[in-house]
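Undergrad: Enclosed is the structure file final_12.txt (compact mmCIF, C-alpha atoms).
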```
# COMPACT_ATOMS: atom_id res chain seq x y z
CA SER A 337 2.38 -10.90 7.25
CA ALA A 338 2.39 -9.81 10.92
CA ALA A 339 0.30 -12.87 11.84
CA TYR A 340 2.73 -15.14 10.00
CA TYR A 341 5.82 -13.70 11.66
CA LEU A 342 4.13 -13.76 15.08
CA CYS A 343 3.48 -17.47 14.56
CA LYS A 344 7.16 -17.98 13.82
CA LYS A 345 7.94 -16.35 17.16
CA GLY A 346 5.68 -18.75 19.02
CA TYR A 347 2.49 -16.70 19.28
CA SER A 348 -1.02 -17.83 18.32
CA PRO A 349 -2.53 -14.73 16.70
CA ILE A 350 -6.12 -14.18 15.66
CA LEU A 351 -6.62 -12.27 12.42
CA LEU A 352 -9.93 -10.42 12.12
CA GLU A 353 -11.00 -9.68 8.56
CA LYS A 354 -14.11 -7.57 8.09
CA GLY A 355 -14.36 -9.24 4.68
CA GLU A 356 -11.87 -11.58 3.03
CA PRO A 357 -8.05 -11.52 3.01
CA ALA A 358 -6.78 -9.50 0.03
CA GLY A 359 -10.28 -8.07 -0.38
CA GLU A 360 -9.20 -4.44 -0.30
CA GLN A 361 -5.86 -2.60 -0.35
CA SER A 362 -3.62 -5.65 -0.06
CA GLY A 363 -5.12 -7.28 -3.15
CA ARG A 364 -5.96 -4.25 -5.32
CA ASN A 365 -2.60 -2.54 -5.84
CA TRP A 366 -0.23 -2.48 -8.81
CA GLY A 367 2.01 -5.28 -7.56
CA PHE A 368 5.20 -3.21 -7.70
CA VAL A 369 7.87 -4.17 -5.16
CA ARG A 370 10.24 -1.25 -5.44
CA GLN A 371 13.01 0.31 -3.40
CA GLN A 372 13.68 3.18 -5.78
CA GLY A 373 12.15 6.60 -5.33
CA ARG A 374 11.19 6.12 -1.70
CA ASP A 375 11.53 8.54 1.16
CA PRO A 376 15.03 7.99 2.59
CA ALA A 377 13.40 7.02 5.90
CA GLU A 378 11.79 4.00 4.23
CA VAL A 379 14.82 2.68 2.35
CA PRO A 380 16.31 0.42 5.07
CA LEU A 381 12.90 -1.11 5.81
CA MET A 382 12.25 -1.64 2.10
CA MET A 383 15.66 -3.16 1.45
CA ARG A 384 14.97 -5.65 4.22
CA SER A 385 11.61 -6.36 2.62
CA GLN A 386 13.26 -6.97 -0.75
CA GLU A 387 15.43 -9.66 0.82
CA LEU A 388 12.33 -11.29 2.27
CA TRP A 389 10.41 -11.14 -1.03
CA ALA A 390 13.17 -13.00 -2.84
CA GLY A 391 12.60 -16.09 -0.69
CA LEU A 392 8.86 -15.94 -0.09
CA GLU A 393 7.71 -18.43 -2.74
CA SER A 394 9.96 -21.06 -1.22
CA GLU A 395 9.22 -20.08 2.38
CA LEU A 396 5.44 -19.81 2.01
CA GLY A 397 5.20 -22.75 -0.38
CA GLU A 398 3.01 -20.98 -2.94
CA ASN A 399 3.27 -19.28 -6.30
CA ILE A 400 3.02 -15.52 -5.72
CA GLU A 401 4.32 -14.61 -9.20
CA TRP A 402 7.48 -13.09 -7.74
CA CYS A 403 9.79 -11.69 -10.41
CA GLN A 404 12.90 -9.66 -9.66
CA GLY A 405 13.01 -7.91 -13.02
CA GLY A 406 13.68 -4.34 -11.90
CA ASN A 407 11.69 -1.12 -11.83
CA LEU A 408 11.91 1.76 -14.28
CA LEU A 409 10.66 5.32 -13.75
CA LEU A 410 10.52 7.35 -16.98
CA THR A 411 10.34 11.09 -17.63
CA ASN A 412 10.54 13.78 -20.28
CA ASP A 413 11.11 16.50 -17.69
CA ALA A 414 14.67 17.77 -17.14
CA HIS A 415 13.90 18.84 -13.56
CA GLU A 416 12.56 15.40 -12.71
CA LEU A 417 15.63 13.79 -14.23
CA LYS A 418 17.79 15.92 -11.95
CA LEU A 419 15.73 14.70 -8.97
CA TYR A 420 16.37 11.13 -10.11
CA GLN A 421 20.10 11.84 -10.18
CA ASN A 422 19.91 13.27 -6.67
CA TRP A 423 18.08 10.16 -5.50
CA THR A 424 20.89 7.92 -6.75
CA ASN A 425 23.06 9.58 -4.09
CA ILE A 426 20.58 8.39 -1.46
CA ALA A 427 20.57 4.94 -3.03
CA GLY A 428 24.36 4.82 -3.10
CA SER A 429 24.58 5.61 0.60
CA HIS A 430 22.55 2.44 1.24
CA GLY A 431 24.37 0.27 -1.30
CA LEU A 432 21.32 0.22 -3.57
CA ASP A 433 21.78 -0.34 -7.31
CA SER A 434 19.68 2.56 -8.64
CA LYS A 435 20.99 4.48 -11.64
CA VAL A 436 19.85 7.11 -14.12
CA VAL A 437 19.55 5.78 -17.68
CA ASN A 438 19.42 7.64 -21.01
CA GLN A 439 17.37 6.98 -24.14
CA SER A 440 19.90 4.54 -25.57
CA GLU A 441 19.99 2.53 -22.35
CA LEU A 442 16.18 2.52 -22.23
CA ALA A 443 16.14 0.88 -25.64
CA ASP A 444 18.42 -1.85 -24.32
CA LEU A 445 16.22 -2.43 -21.26
CA ILE A 446 12.91 -2.64 -23.17
CA PRO A 447 13.53 -2.81 -26.92
CA ARG A 448 9.81 -2.74 -27.75
CA ILE A 449 9.31 0.78 -26.37
CA GLU A 450 9.00 3.04 -29.41
CA GLN A 451 8.23 6.27 -27.58
CA ALA A 452 11.13 8.63 -26.82
CA PHE A 453 11.92 9.63 -23.24
CA LEU A 454 14.52 11.98 -21.86
CA GLY A 455 15.64 9.35 -19.39
CA GLY A 456 14.69 7.34 -16.36
CA LEU A 457 15.59 5.90 -12.99
CA TYR A 458 16.26 2.17 -12.99
CA THR A 459 16.79 -0.26 -10.12
CA ALA A 460 17.59 -3.78 -11.28
CA SER A 461 17.05 -5.37 -7.85
CA ASP A 462 13.40 -4.25 -7.65
CA GLY A 463 10.60 -6.64 -8.53
CA GLN A 464 6.92 -7.45 -8.68
CA ALA A 465 4.41 -9.97 -7.36
CA ASP A 466 0.72 -10.76 -7.57
CA PRO A 467 -1.03 -8.90 -4.71
CA GLU A 468 -3.88 -11.36 -4.17
CA LYS A 469 -1.67 -14.44 -4.33
CA ALA A 470 0.97 -12.96 -2.04
CA THR A 471 -1.54 -11.85 0.60
CA ASN A 472 -3.35 -15.17 0.61
CA ALA A 473 -0.05 -17.07 0.73
CA PHE A 474 0.82 -15.25 3.96
CA CYS A 475 -2.64 -16.04 5.37
CA ASN A 476 -2.42 -19.71 4.43
CA ALA A 477 1.07 -20.05 5.90
CA ALA A 478 -0.03 -18.34 9.12
CA GLU A 479 -2.99 -20.72 9.43
CA ARG A 480 -0.73 -23.72 8.97
CA LEU A 481 1.42 -22.42 11.83
CA GLY A 482 -1.57 -22.04 14.15
CA ALA A 483 -3.07 -18.62 13.48
CA LYS A 484 -6.86 -18.32 13.45
CA ILE A 485 -8.39 -16.22 10.69
CA PHE A 486 -11.95 -15.04 11.23
CA ARG A 487 -13.42 -13.92 7.94
CA ASN A 488 -16.39 -11.54 7.70
CA ARG A 489 -15.85 -10.61 11.34
CA PRO A 490 -14.85 -6.96 11.73
CA ALA A 491 -13.15 -5.61 14.81
CA LEU A 492 -15.51 -3.07 16.37
CA GLY A 493 -13.33 -1.71 19.15
CA VAL A 494 -10.55 -2.33 21.64
CA GLU A 495 -11.20 -3.27 25.26
CA ILE A 496 -8.91 -1.58 27.78
CA GLN A 497 -8.37 -2.32 31.46
CA ASN A 498 -6.02 -0.33 33.71
CA GLY A 499 -4.43 1.39 30.72
CA LYS A 500 -3.67 -1.83 28.84
CA VAL A 501 -5.50 -3.55 26.03
CA CYS A 502 -7.28 -6.71 27.10
CA GLY A 503 -9.38 -7.64 24.11
CA VAL A 504 -11.24 -6.76 20.93
CA ARG A 505 -14.98 -6.36 20.50
CA THR A 506 -16.44 -8.06 17.46
CA ALA A 507 -19.94 -8.74 16.19
CA GLY A 508 -19.49 -12.29 17.46
CA GLY A 509 -18.39 -11.30 20.95
CA THR A 510 -15.25 -10.08 22.69
CA LEU A 511 -11.93 -11.83 22.13
CA GLU A 512 -9.33 -11.60 24.89
CA ALA A 513 -5.87 -10.41 23.85
CA ASP A 514 -2.69 -9.11 25.45
CA TYR A 515 -1.77 -7.27 22.26
CA VAL A 516 -3.85 -5.74 19.50
CA VAL A 517 -2.43 -4.83 16.10
CA CYS A 518 -4.35 -2.18 14.18
CA ALA A 519 -3.51 -2.83 10.53
CA ALA A 520 -6.82 -1.53 9.19
CA GLY A 521 -5.50 0.51 6.29
CA ALA A 522 -7.93 3.19 5.17
CA TRP A 523 -10.17 2.44 8.14
CA ALA A 524 -7.49 2.80 10.84
CA SER A 525 -8.21 6.39 11.88
CA LYS A 526 -11.88 5.57 12.38
CA PHE A 527 -10.96 2.52 14.46
CA LEU A 528 -8.47 4.45 16.61
CA HIS A 529 -10.66 7.51 17.17
CA PRO A 530 -12.68 6.09 20.13
CA LEU A 531 -9.37 5.46 21.93
CA GLY A 532 -8.57 9.16 21.86
CA LEU A 533 -5.99 8.66 19.11
CA ARG A 534 -6.18 11.22 16.32
CA LEU A 535 -4.39 9.77 13.32
CA PRO A 536 -4.56 12.21 10.39
CA GLN A 537 -5.44 10.01 7.46
CA GLN A 538 -7.14 10.53 4.14
CA ARG A 539 -8.10 8.01 1.51
CA ILE A 540 -7.94 8.25 -2.24
CA ARG A 541 -9.28 5.92 -4.93
CA GLY A 542 -6.99 4.39 -7.51
CA SER A 543 -8.01 2.36 -10.56
CA VAL A 544 -6.18 -0.60 -12.11
CA ALA A 545 -6.90 -2.86 -15.08
CA GLN A 546 -5.68 -6.12 -16.57
CA THR A 547 -5.15 -6.37 -20.32
CA THR A 548 -5.60 -9.27 -22.66
CA VAL A 549 -2.67 -11.67 -22.97
CA CYS A 550 0.33 -10.39 -24.96
CA GLU A 551 3.58 -11.93 -26.08
CA LYS A 552 6.45 -11.73 -23.60
CA THR A 553 7.74 -8.16 -23.47
CA THR A 554 9.49 -7.33 -20.19
CA ASP A 555 10.01 -8.33 -16.56
CA ILE A 556 10.50 -4.69 -15.59
CA GLY A 557 7.80 -2.75 -13.76
CA VAL A 558 7.43 0.56 -15.60
CA TRP A 559 6.08 3.91 -14.42
CA ALA A 560 5.89 6.45 -17.26
CA PRO A 561 3.99 9.71 -17.74
CA GLY A 562 0.34 8.72 -18.11
CA VAL A 563 0.69 4.98 -17.50
CA ALA A 564 2.27 2.42 -15.20
CA PHE A 565 2.43 -1.28 -16.05
CA ARG A 566 3.91 -4.67 -15.29
CA GLN A 567 3.60 -7.91 -17.24
CA ARG A 568 2.13 -10.82 -15.34
CA ARG A 569 3.17 -14.46 -15.67
CA ASP A 570 0.29 -15.26 -18.02
CA GLY A 571 1.41 -12.52 -20.43
CA SER A 572 -1.29 -9.99 -19.59
CA PHE A 573 -0.38 -6.59 -18.16
CA SER A 574 -1.58 -4.80 -15.06
CA ILE A 575 -1.86 -1.14 -15.99
CA ALA A 576 -2.82 2.07 -14.20
CA ALA A 577 -2.76 5.76 -14.98
CA GLY A 578 0.28 6.46 -12.80
CA ASN A 579 -0.38 9.72 -10.98
CA GLY A 580 -4.16 10.01 -11.12
CA TYR A 581 -6.66 9.46 -8.33
CA GLU A 582 -10.13 10.32 -7.08
CA VAL A 583 -10.99 11.71 -3.68
CA ASP A 584 -14.44 10.37 -2.78
CA PHE A 585 -15.41 13.03 -0.26
CA THR A 586 -16.85 11.69 3.00
CA LEU A 587 -17.45 13.01 6.49
CA GLY A 588 -14.10 11.50 7.39
CA SER A 589 -12.41 13.73 4.81
CA LEU A 590 -12.89 16.65 7.17
CA ARG A 591 -11.05 14.94 10.00
CA GLY A 592 -7.46 16.16 10.11
CA SER A 593 -7.85 17.93 6.77
CA LYS A 594 -5.64 20.82 7.91
CA HIS A 595 -2.66 18.45 7.84
CA PHE A 596 -3.18 17.72 4.14
CA LEU A 597 -4.16 21.07 2.67
CA LYS A 598 -0.68 22.27 1.67
CA SER A 599 0.29 18.99 0.03
CA PHE A 600 -3.08 18.69 -1.69
CA MET A 601 -2.80 22.15 -3.23
CA ALA A 602 0.74 21.40 -4.45
CA ASN A 603 -0.48 18.22 -6.17
CA ARG A 604 -3.99 19.35 -7.13
CA LYS A 605 -3.60 18.26 -10.77
CA TYR A 606 -3.43 14.59 -9.74
CA PHE A 607 -6.76 14.49 -7.88
CA ASP A 608 -10.44 14.71 -8.78
CA ILE A 609 -12.76 15.40 -5.85
CA ARG A 610 -16.08 13.56 -6.05
CA PHE A 611 -19.19 14.31 -4.00
CA GLY A 612 -21.42 11.30 -4.44
CA ALA A 613 -22.30 7.83 -3.24
CA ALA A 614 -19.47 7.58 -0.70
CA LEU A 615 -20.71 10.68 1.12
CA TRP A 616 -24.31 9.46 1.20
CA LYS A 617 -23.18 6.05 2.46
CA ASP A 618 -21.31 7.86 5.21
CA PHE A 619 -24.48 9.66 6.24
CA GLY A 620 -26.35 6.35 6.16
CA GLY A 621 -23.71 4.68 8.30
CA LEU A 622 -23.77 7.57 10.76
CA ALA A 623 -27.55 7.29 11.06
CA LYS A 624 -27.39 3.54 11.65
CA ASN A 625 -24.72 4.04 14.28
CA PHE A 626 -26.97 6.43 16.17
CA VAL A 627 -29.85 3.95 16.06
CA THR A 628 -28.14 0.62 16.69
CA GLY A 629 -24.81 1.42 18.32
CA ASP A 630 -22.94 -0.47 15.59
CA ASP A 631 -19.51 0.81 14.64
CA PRO A 632 -19.45 2.21 11.07
CA VAL A 633 -16.17 0.37 10.42
CA GLY A 634 -18.12 -2.86 10.17
CA LEU A 635 -20.98 -1.72 7.97
CA ARG A 636 -19.46 -2.72 4.61
CA ARG A 637 -17.59 -6.01 4.62
CA VAL A 638 -15.63 -5.52 1.39
CA VAL A 639 -15.46 -2.11 -0.22
CA ALA A 640 -15.12 -2.45 -3.99
CA PRO A 641 -15.30 1.09 -5.39
CA THR A 642 -16.04 1.75 -9.04
CA PRO A 643 -12.94 2.12 -11.21
CA ASN A 644 -12.52 5.25 -13.30
CA SER A 645 -13.08 3.85 -16.78
CA ALA A 646 -12.13 7.09 -18.54
CA ARG A 647 -8.82 7.26 -16.69
CA LEU A 648 -8.08 3.63 -17.52
CA ALA A 649 -8.96 4.20 -21.18
CA ARG A 650 -6.38 6.99 -21.30
CA ALA A 651 -3.84 4.72 -19.61
CA LEU A 652 -4.47 2.04 -22.24
CA LYS A 653 -4.05 4.60 -25.02
CA ASN A 654 -0.71 5.69 -23.53
CA PHE A 655 0.32 2.05 -23.11
CA LYS A 656 -0.39 1.31 -26.78
CA ALA A 657 1.56 4.41 -27.83
CA MET A 658 4.59 3.15 -25.93
CA LEU A 659 4.35 -0.43 -27.18
CA PRO A 660 2.56 -0.33 -30.57
CA SER A 661 4.10 -3.61 -31.72
CA LEU A 662 1.91 -5.49 -29.23
CA GLY A 663 -1.03 -4.91 -31.55
CA ASN A 664 -4.67 -4.80 -30.52
CA VAL A 665 -4.37 -4.91 -26.74
CA GLU A 666 -7.63 -4.49 -24.81
CA LEU A 667 -8.72 -4.37 -21.19
CA GLN A 668 -10.29 -7.58 -19.93
CA ARG A 669 -11.14 -6.46 -16.37
CA SER A 670 -10.70 -3.47 -14.09
CA TRP A 671 -11.01 -2.67 -10.40
CA ALA A 672 -10.40 0.12 -7.91
CA GLY A 673 -9.32 0.36 -4.32
CA TYR A 674 -8.87 2.90 -1.57
CA ILE A 675 -5.38 4.01 -0.56
CA ASP A 676 -4.78 5.51 2.87
CA ILE A 677 -2.33 8.40 3.05
CA THR A 678 -0.72 10.29 5.91
CA PRO A 679 0.44 13.94 5.84
CA ASP A 680 4.09 12.94 5.32
CA ALA A 681 3.30 9.88 3.17
CA LEU A 682 5.10 7.66 5.69
CA PRO A 683 3.53 4.78 7.60
CA VAL A 684 2.90 4.45 11.30
CA ILE A 685 4.63 1.35 12.71
CA ASP A 686 4.59 1.82 16.44
CA ALA A 687 3.95 0.06 19.74
CA LEU A 688 2.00 2.56 21.81
CA LYS A 689 2.15 3.01 25.57
CA LYS A 690 -1.26 4.62 25.87
CA PRO A 691 -2.92 2.22 25.68
CA ASP A 692 -0.18 -0.28 26.37
CA GLY A 693 -0.29 -3.33 24.11
CA LEU A 694 -1.66 -1.54 21.05
CA VAL A 695 0.54 -1.75 17.95
CA VAL A 696 -0.35 0.38 14.94
CA ALA A 697 0.76 -0.51 11.41
CA THR A 698 -1.02 1.65 8.86
CA GLY A 699 -0.71 4.73 6.65
CA PHE A 700 1.53 3.17 3.98
CA SER A 701 0.34 5.83 1.53
CA GLY A 702 0.19 3.83 -1.67
CA HIS A 703 3.50 2.01 -1.36
CA GLY A 704 2.77 -0.54 1.35
CA PHE A 705 2.60 -3.71 -0.73
CA GLY A 706 6.36 -3.85 -1.14
CA LEU A 707 6.89 -3.03 2.52
CA GLY A 708 4.41 -5.69 3.65
CA PRO A 709 6.85 -8.47 4.62
CA SER A 710 9.30 -6.27 6.54
CA ALA A 711 6.53 -4.21 8.16
CA GLY A 712 4.81 -7.38 9.36
CA LYS A 713 8.10 -8.73 10.66
CA ALA A 714 8.78 -5.44 12.47
CA VAL A 715 5.37 -5.64 14.14
CA ALA A 716 6.13 -9.16 15.34
CA GLU A 717 9.49 -7.97 16.67
CA LEU A 718 7.91 -5.06 18.55
CA ILE A 719 5.56 -7.49 20.29
CA ALA A 720 7.96 -10.37 20.91
CA ASP A 721 11.25 -8.53 21.45
CA GLY A 722 10.21 -4.99 22.35
CA GLU A 723 12.13 -3.54 19.41
CA SER A 724 13.07 -4.09 15.78
CA PRO A 725 16.61 -4.14 14.35
CA ILE A 726 15.32 -1.64 11.79
CA ASP A 727 15.13 1.97 12.98
CA LEU A 728 11.40 2.79 13.19
CA SER A 729 11.78 6.22 14.81
CA ASP A 730 10.46 8.01 11.71
CA PHE A 731 7.26 5.95 11.86
CA THR A 732 5.97 6.80 15.35
CA TYR A 733 2.38 7.86 15.92
CA ALA A 734 3.54 10.72 18.19
CA ARG A 735 4.92 12.72 15.25
CA PHE A 736 1.39 13.79 14.39
CA PRO A 737 0.06 15.07 17.75
CA ASN A 738 3.52 16.59 18.35
CA ASN A 739 3.47 18.18 14.89
CA THR A 740 7.01 16.96 14.15
CA TYR A 741 6.37 15.18 10.86
CA PRO A 742 8.25 16.26 7.70
CA GLU A 743 6.97 17.38 4.32
CA PRO A 744 6.23 14.45 2.00
CA PHE A 745 9.23 13.26 0.01
CA GLN A 746 8.42 13.66 -3.67
CA LEU A 747 10.28 12.31 -6.67
CA VAL A 748 7.53 12.55 -9.31
```
For this file, write the structure as structure tokens.
TA:
Amino acid sequence: SAAYYLCKKGYSPILLEKGEPAGEQSGRNWGFVRQQGRDPAEVPLMMRSQELWAGLESELGENIEWCQGGNLLLTNDAHELKLYQNWTNIAGSHGLDSKVVNQSELADLIPRIEQAFLGGLYTASDGQADPEKATNAFCNAAERLGAKIFRNRPALGVEIQNGKVCGVRTAGGTLEADYVVCAAGAWASKFLHPLGLRLPQQRIRGSVAQTTVCEKTTDIGVWAPGVAFRQRRDGSFSIAAGNGYEVDFTLGSLRGSKHFLKSFMANRKYFDIRFGAALWKDFGGLAKNFVTGDDPVGLRRVVAPTPNSARLARALKNFKAMLPSLGNVELQRSWAGYIDITPDALPVIDALKKPDGLVVATGFSGHGFGLGPSAGKAVAELIADGESPIDLSDFTYARFPNNTYPEPFQLV
């Protein structure tokens, strides 16, 4: 999205993909585009993004399966329901249409749900889109406007001269540039480390599946205890376990781990730590780096981790319990992807001064798909105009070395 909006401002950006567009985080998420439940710092940026999403199919000229059907967060916990009510005060201060709904209202929203819930948080103006189609639509539109997209060509490092970026090293040679945008997701901290920038970042693995085609049920994206789902245009559902992830321990997991320990212990029930293939691949990459001088960022073009089939089976069971009238629903495919998280679960969207010309846009912590359009537009504004009309002060890189970042905002 940053490349697209830079083109609209008259720039000719080069997009370096170590694999293919939408190959990792951008194309492997749930597809929720939600304003509700976010950290208050993110709400203005997300509301701007929601306005952009509503016009993207027309603007980009492609079907991205955009549907503004709302988002519904369900609970059977009285304390959580009170948190939802508190969040509606935040929503109201921004003019957002979030509201707490009871069991009777839930039945009106999705009549097919046969499972009882204490209540939920509902935002009618939220929506959903297809992650792969949306990401590729941005890439295609950027190319039509003059952007160059180099596939299977990872960025290996930033060239700096007199304190300012002057180019990017790639396996195919160095490309000159006045500005460099680091939007490397789960690989950003590794990319920034040689520049003396210590971005505390961890990655977790989430699993998603697509069901067989069902009759039309709802346009609402639903997040319930044990399962999250949205119905796609073809009638199938994308489903996930909701709060349930794996931590594939690597050497990088040790970097900045002190920043995450408190939050990890508070949410320990949601994570399974795995010591396995990812760690051994890290050792292999480290050894190759010592021998050849290659940067480990570029060793694996597209990382397609193994989905947690047991977790997805439980999600499907919970899905069927909620919607038994759909009959014999099965999973037709599944996938997993890595999610990068920061200690405060907020992104970094910042134009740095050291080195000058480096813009960082990463750390979206599992809710970056919805923010994608407005975050990309903000990056373009930082480069072209020197500032964004959206307040980005909560998203600076400096909050981490200065130790001024807040505790993560938590609604569920």
Undergrad: Could you tell me how far atom CA of Val563 of chain A sits from atom CA of Phe655 of chain A, in Å to one decimal place?
TA: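 Those two atoms sit 6.3 Å apart.
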Undergrad: Using all atoms listed in the file, which residues sit within 9 Å of segment 547-550 of chain A once same-chain residues fewer than 3 positions away are excluded, as an MDAnalysis selection string?
TA: chainID A and resid 553 567 570:575 652 662:663 665:670
Undergrad: Kindly provide, as a PyMOL selection string, the polymer residues lying within 12 Å of (7.3, -2.1, 3.6), counting all atoms listed in the file and using the coordinates exactly as they appear in the file.
TA: chain A and resi 337-338+368-371+374-375+377-389+682-685+697-715+726+728+731
Undergrad: For Asn412 of chain A, find every residue with an atom within 10 Å (counting all atoms listed in the file), except residues of its own chain fewer than 6 positions away, and show them as a ChimeraX atom specification.
TA: /A:452-456,560-561
Undergrad: Residues within 8 Å of segment 522-532 of chain A, please, as a PyMOL selection string. Count all atoms listed in the file; anything in the same chain fewer than 4 positions from it doesn't count.
TA: chain A and resi 492-494+518+536-539+633+674-677+698-699
Undergrad: Please determine, counting all atoms listed in the file, which residue among A:Ala477, A:Ala681, A:Ile719, A:Ile540 has the shortest atom-to-atom distance to Glu743 of chain A.
TA: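 Smallest distance to Glu743 of chain A is found for A:Ala681.
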Undergrad: Return the single residue from A:Asp413, A:Asp727, A:Gln439, A:Leu535 that is closest to Gln451 of chain A, with distances computed using all atoms listed in the file.
TA: A:Gln439
Undergrad: Have a look at atom CA of Thr506 of chain A and atom CA of Leu352 of chain A and let me know their distance in Å, one decimal.
TA: 8.7 Å
Undergrad: Find the distance between atom CA of Phe486 of chain A and atom CA of Ile350 of chain A and write it in Å to one decimal.
TA: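 Separation of atom CA of Phe486 of chain A and atom CA of Ile350 of chain A: 7.4 Å.
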Undergrad: Which is closer to Leu442 of chain A than all the others in A:Asp514, A:Leu410, A:Pro467, A:Ala646, using only C-alpha atoms?
TA: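 Closest candidate: A:Leu410.
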Undergrad: Let me make sure I understand: among A:Glu395, A:Glu353, A:Glu479, A:Asp555, which one has the smallest atom-to-atom distance to Leu445 of chain A if we use all atoms listed in the file?
TA: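 When distances to Leu445 of chain A are compared using all atoms listed in the file, the smallest one comes from A:Asp555.
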Undergrad: Choose the residue, out of A:Glu360, A:Glu393, A:Asp730, A:Glu450, that has the smallest atom-to-atom separation from Asp680 of chain A; count only C-alpha atoms.
TA: A:Asp730
Undergrad: I'd like the neighbourhood of Asp466 of chain A as a VMD selection string, where a residue qualifies if any of its atoms comes within 6 Å (using all atoms listed in the file), though same-chain residues fewer than 4 positions away should be ignored.
TA: chain A and resid 367 400 to 401 470
Undergrad: Just checking: using all atoms listed in the file, which residue out of A:Lys689, A:Lys345, A:Arg448, A:Arg650 ends up closest to Leu533 of chain A?
TA: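 Nearest to Leu533 of chain A: A:Lys689.
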